[in-house]
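Okay, so here's the structure we're looking at.
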Amino acid sequence: MKNIVRLLLAALLGAASPALGQGAYPTKQVRMIVPFPAGGSADTLCRIVGDKLSAAWSQTVIIDNRPGAGGNVGAEIAFHAEPDGYTLLCSPPGPLSINHNLYKTMPYDWTKFVPVTVLALVPNAISARIDLPASSVQELIAYAKANPGKVTYASQGNGSTSHLSAQMLATMAGIDMVHIPYKGEGPALIDLTAGRVDIFIGNISAALRFEKARQAKFLGLASRTRSPVAPDVPTTAELGYPDLVSSAWFALVAPAGTSDAVVRKVNADLAAALGQPELRARFLELGAEPQGGTTAATASFISDEEARWRGVIKSANVTLE
């Protein structure tokens, strides 16, 4: 009889061990893949969050930068990782809501990632060279209509959000502008401040220092609400274009098959971190507005963003190899 009881207890403990193991998550180092180089907004924000999670978990969260192919390289690595919660993807829009509409073939299925939460939003500002004869979005549109094919816009590269945002503006306003792609945000802003291109739609925090130095000027913010880092800049919604909305955002997702228990744990701990005044202050210094939210809300947000950019890409017939 004692042997039977002992066997039953062993069986029960064996069945319970996975749940106990999940409850203890994490018990070892967690890798957070960032599909872009070190030093950029994606890397910086993800590192801030990684540090907070390290402290909360008493486990190291390492940032693994895997740039390439517009973020597809890092996303593919995360996609094929073990779905045990020890590899997560911290990514801006491209790999999660844009790239599959641009590339003819993809090395992963973006729909299979498990949404955890949106960390932050960084609204995109419409900036112009300081001597452009337009000081608002309406004046820019009027100027472009009076000078078809003469207004130039810089971008971070073909298929980037800066490229697609300018195309969205052109389509909604019915204007014709010339695209000048660059290899990144830095070179694009340098040429904007040098007067070699007319406008650039990009991260408000990156453009803010040039606006403060009077090397460029803001025409508007591609958002429905004003930004706390530049509260005097009017939004496109205020200026009569409520659907001209463009932002960089940063979300955390997990490989397909990651357990609900682990996802809920990471979501809850991120909510606690995003609620800390010190983290919120650091994000706002970078022009990033802390977000958070449920996994369901995150899934809905990514889906809405995918639909928005898919429409822009199709209307502009943009493709990449």
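Naming scheme: A, B, ... for chains in displayed order of the structure tokens; residues 1 onward per chain; ligands 1 onward as shown.
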
- Message: Residues within 6 Å of stretch 119-121 of chain A, please, as a ChimeraX atom specification. Count only C-alpha atoms; anything in the same chain fewer than 5 positions from it doesn't count.
- Response: /A:248-251,288-292

Using the selection just defined, write its residues with all heavy atoms as a PDB file, in the first residue's frame.
```pdb
ATOM      1  N   ALA A 248       6.853  55.699 -34.867  1.00  0.00           N
ATOM      2  CA  ALA A 248       7.685  54.540 -34.569  1.00  0.00           C
ATOM      3  C   ALA A 248       7.137  53.990 -33.255  1.00  0.00           C
ATOM      4  O   ALA A 248       6.722  54.744 -32.386  1.00  0.00           O
ATOM      5  CB  ALA A 248       9.140  54.956 -34.419  1.00  0.00           C
ATOM      6  N   TRP A 249       7.085  52.693 -33.139  1.00  0.00           N
ATOM      7  CA  TRP A 249       6.667  52.085 -31.883  1.00  0.00           C
ATOM      8  C   TRP A 249       7.528  50.854 -31.646  1.00  0.00           C
ATOM      9  O   TRP A 249       8.167  50.341 -32.560  1.00  0.00           O
ATOM     10  CB  TRP A 249       5.184  51.734 -31.865  1.00  0.00           C
ATOM     11  CG  TRP A 249       4.651  51.038 -33.078  1.00  0.00           C
ATOM     12  CD1 TRP A 249       4.030  51.615 -34.153  1.00  0.00           C
ATOM     13  CD2 TRP A 249       4.691  49.627 -33.378  1.00  0.00           C
ATOM     14  NE1 TRP A 249       3.683  50.660 -35.088  1.00  0.00           N
ATOM     15  CE2 TRP A 249       4.068  49.437 -34.638  1.00  0.00           C
ATOM     16  CE3 TRP A 249       5.181  48.512 -32.692  1.00  0.00           C
ATOM     17  CZ2 TRP A 249       3.935  48.172 -35.222  1.00  0.00           C
ATOM     18  CZ3 TRP A 249       5.059  47.253 -33.275  1.00  0.00           C
ATOM     19  CH2 TRP A 249       4.427  47.102 -34.533  1.00  0.00           C
ATOM     20  N   PHE A 250       7.540  50.426 -30.425  1.00  0.00           N
ATOM     21  CA  PHE A 250       8.437  49.342 -30.030  1.00  0.00           C
ATOM     22  C   PHE A 250       7.634  48.342 -29.211  1.00  0.00           C
ATOM     23  O   PHE A 250       7.050  48.694 -28.185  1.00  0.00           O
ATOM     24  CB  PHE A 250       9.618  49.903 -29.251  1.00  0.00           C
ATOM     25  CG  PHE A 250      10.344  50.963 -30.019  1.00  0.00           C
ATOM     26  CD1 PHE A 250       9.956  52.292 -29.927  1.00  0.00           C
ATOM     27  CD2 PHE A 250      11.370  50.628 -30.890  1.00  0.00           C
ATOM     28  CE1 PHE A 250      10.595  53.280 -30.679  1.00  0.00           C
ATOM     29  CE2 PHE A 250      12.010  51.604 -31.642  1.00  0.00           C
ATOM     30  CZ  PHE A 250      11.622  52.924 -31.540  1.00  0.00           C
ATOM     31  N   ALA A 251       7.578  47.111 -29.713  1.00  0.00           N
ATOM     32  CA  ALA A 251       6.771  46.079 -29.070  1.00  0.00           C
ATOM     33  C   ALA A 251       7.633  44.885 -28.701  1.00  0.00           C
ATOM     34  O   ALA A 251       8.651  44.609 -29.352  1.00  0.00           O
ATOM     35  CB  ALA A 251       5.634  45.637 -29.990  1.00  0.00           C
ATOM     36  N   ALA A 288       9.918  59.271 -26.410  1.00  0.00           N
ATOM     37  CA  ALA A 288       9.086  58.066 -26.446  1.00  0.00           C
ATOM     38  C   ALA A 288       8.009  58.138 -25.372  1.00  0.00           C
ATOM     39  O   ALA A 288       8.294  58.454 -24.216  1.00  0.00           O
ATOM     40  CB  ALA A 288       9.954  56.830 -26.240  1.00  0.00           C
ATOM     41  N   GLU A 289       6.790  57.840 -25.742  1.00  0.00           N
ATOM     42  CA  GLU A 289       5.670  57.869 -24.829  1.00  0.00           C
ATOM     43  C   GLU A 289       5.400  56.440 -24.337  1.00  0.00           C
ATOM     44  O   GLU A 289       5.034  55.573 -25.136  1.00  0.00           O
ATOM     45  CB  GLU A 289       4.436  58.436 -25.531  1.00  0.00           C
ATOM     46  CG  GLU A 289       4.660  59.847 -26.055  1.00  0.00           C
ATOM     47  CD  GLU A 289       3.554  60.319 -26.984  1.00  0.00           C
ATOM     48  OE1 GLU A 289       2.474  59.695 -26.999  1.00  0.00           O
ATOM     49  OE2 GLU A 289       3.770  61.305 -27.718  1.00  0.00           O
ATOM     50  N   PRO A 290       5.589  56.153 -23.045  1.00  0.00           N
ATOM     51  CA  PRO A 290       5.382  54.799 -22.522  1.00  0.00           C
ATOM     52  C   PRO A 290       3.957  54.317 -22.782  1.00  0.00           C
ATOM     53  O   PRO A 290       3.008  55.103 -22.698  1.00  0.00           O
ATOM     54  CB  PRO A 290       5.658  54.952 -21.027  1.00  0.00           C
ATOM     55  CG  PRO A 290       6.462  56.204 -20.907  1.00  0.00           C
ATOM     56  CD  PRO A 290       5.999  57.107 -22.001  1.00  0.00           C
ATOM     57  N   GLN A 291       3.833  53.029 -23.085  1.00  0.00           N
ATOM     58  CA  GLN A 291       2.519  52.482 -23.424  1.00  0.00           C
ATOM     59  C   GLN A 291       2.104  51.388 -22.452  1.00  0.00           C
ATOM     60  O   GLN A 291       1.556  51.649 -21.421  1.00  0.00           O
ATOM     61  CB  GLN A 291       2.531  51.954 -24.863  1.00  0.00           C
ATOM     62  CG  GLN A 291       2.781  53.040 -25.908  1.00  0.00           C
ATOM     63  CD  GLN A 291       1.724  54.109 -25.934  1.00  0.00           C
ATOM     64  OE1 GLN A 291       0.554  53.835 -26.194  1.00  0.00           O
ATOM     65  NE2 GLN A 291       2.118  55.346 -25.681  1.00  0.00           N
ATOM     66  N   GLY A 292       2.342  50.139 -22.766  1.00  0.00           N
ATOM     67  CA  GLY A 292       1.852  49.041 -21.947  1.00  0.00           C
ATOM     68  C   GLY A 292       0.525  48.541 -22.502  1.00  0.00           C
ATOM     69  O   GLY A 292       0.150  48.855 -23.630  1.00  0.00           O
TER      70      GLY A 292
END
```

- Query: Could you pull the residues within 10 Å of stretch 113-118 of chain A, counting only C-alpha atoms, minus those fewer than 5 positions along the same chain, as a ChimeraX atom specification?
  - Reply: /A:75,78-79,83,88-92,96,108,249-260,262-268,270-271,290-302

- Out of A:Ala56, A:Ala194, A:Val137, A:Ile201, which residue has the shortest atom-to-atom distance to A:His179 when counting only C-alpha atoms?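 So, comparing all the options, the nearest one is A:Ile201.
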
- Message: Nearest residue to A:Ala230 out of A:Pro95, A:Gly195, A:Gly149, A:Pro123, using only C-alpha atoms?
- Response: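 Checking each of A:Pro95, A:Gly195, A:Gly149, A:Pro123 against A:Ala230, counting only C-alpha atoms, the winner is A:Pro123.
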
- Task: Could you give me, as a ChimeraX atom specification, each residue of stretch 76-262 of chain A that DSSP assigns to helix (DSSP H, G or I) when run on this structure's backbone?
- Result: /A:76-79,93-101,110-112,137-146,161-173,185-193,204-212,260-262

- Task: Any chance you could list, as JSON, numbers by chain, the residues in stretch 56-197 of chain A that come up strand (DSSP E or B) when DSSP is run on the backbone?
- Result: {"A": [61, 62, 63, 64, 65, 87, 88, 89, 90, 91, 103, 114, 115, 116, 117, 118, 119, 120, 121, 122, 123, 124, 125, 126, 127, 128, 129, 152, 153, 154, 155, 178, 179, 180, 181]}

- Near-A:Arg224 list (8 Å; only C-alpha atoms; drop same-chain fewer than 5 positions) as JSON, numbers by chain: {"A": [235, 236, 237, 238, 242, 245]}

- Query: For A:Ala166, which residue among A:Gly94, A:Gly39, A:Pro231, A:Gly202 is the nearest when counting only C-alpha atoms?
  - Reply: A:Gly202

- Point-to-point distance from atom CA of A:Met32 to atom CA of A:Ser54, Å rounded to tenths: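 It comes out at 11.2 Å.
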
- Task: Using only C-alpha atoms, find the one residue out of A:Ala188, A:Ala273, A:Val318, A:Val312 that sits nearest to A:Ala170.
- Result: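 For A:Ala170, the nearest of the candidates is A:Val312.
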
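Nearest-residue note for A:Pro234: choosing from A:Ser303, A:Ser136, A:Asn99, A:Asn317, the minimum distance belongs to A:Ser136, counting only C-alpha atoms.
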
- Atomic separation - atom CA of A:Ala281 relative to atom CA of A:Ala125, Å: 20.5 Å
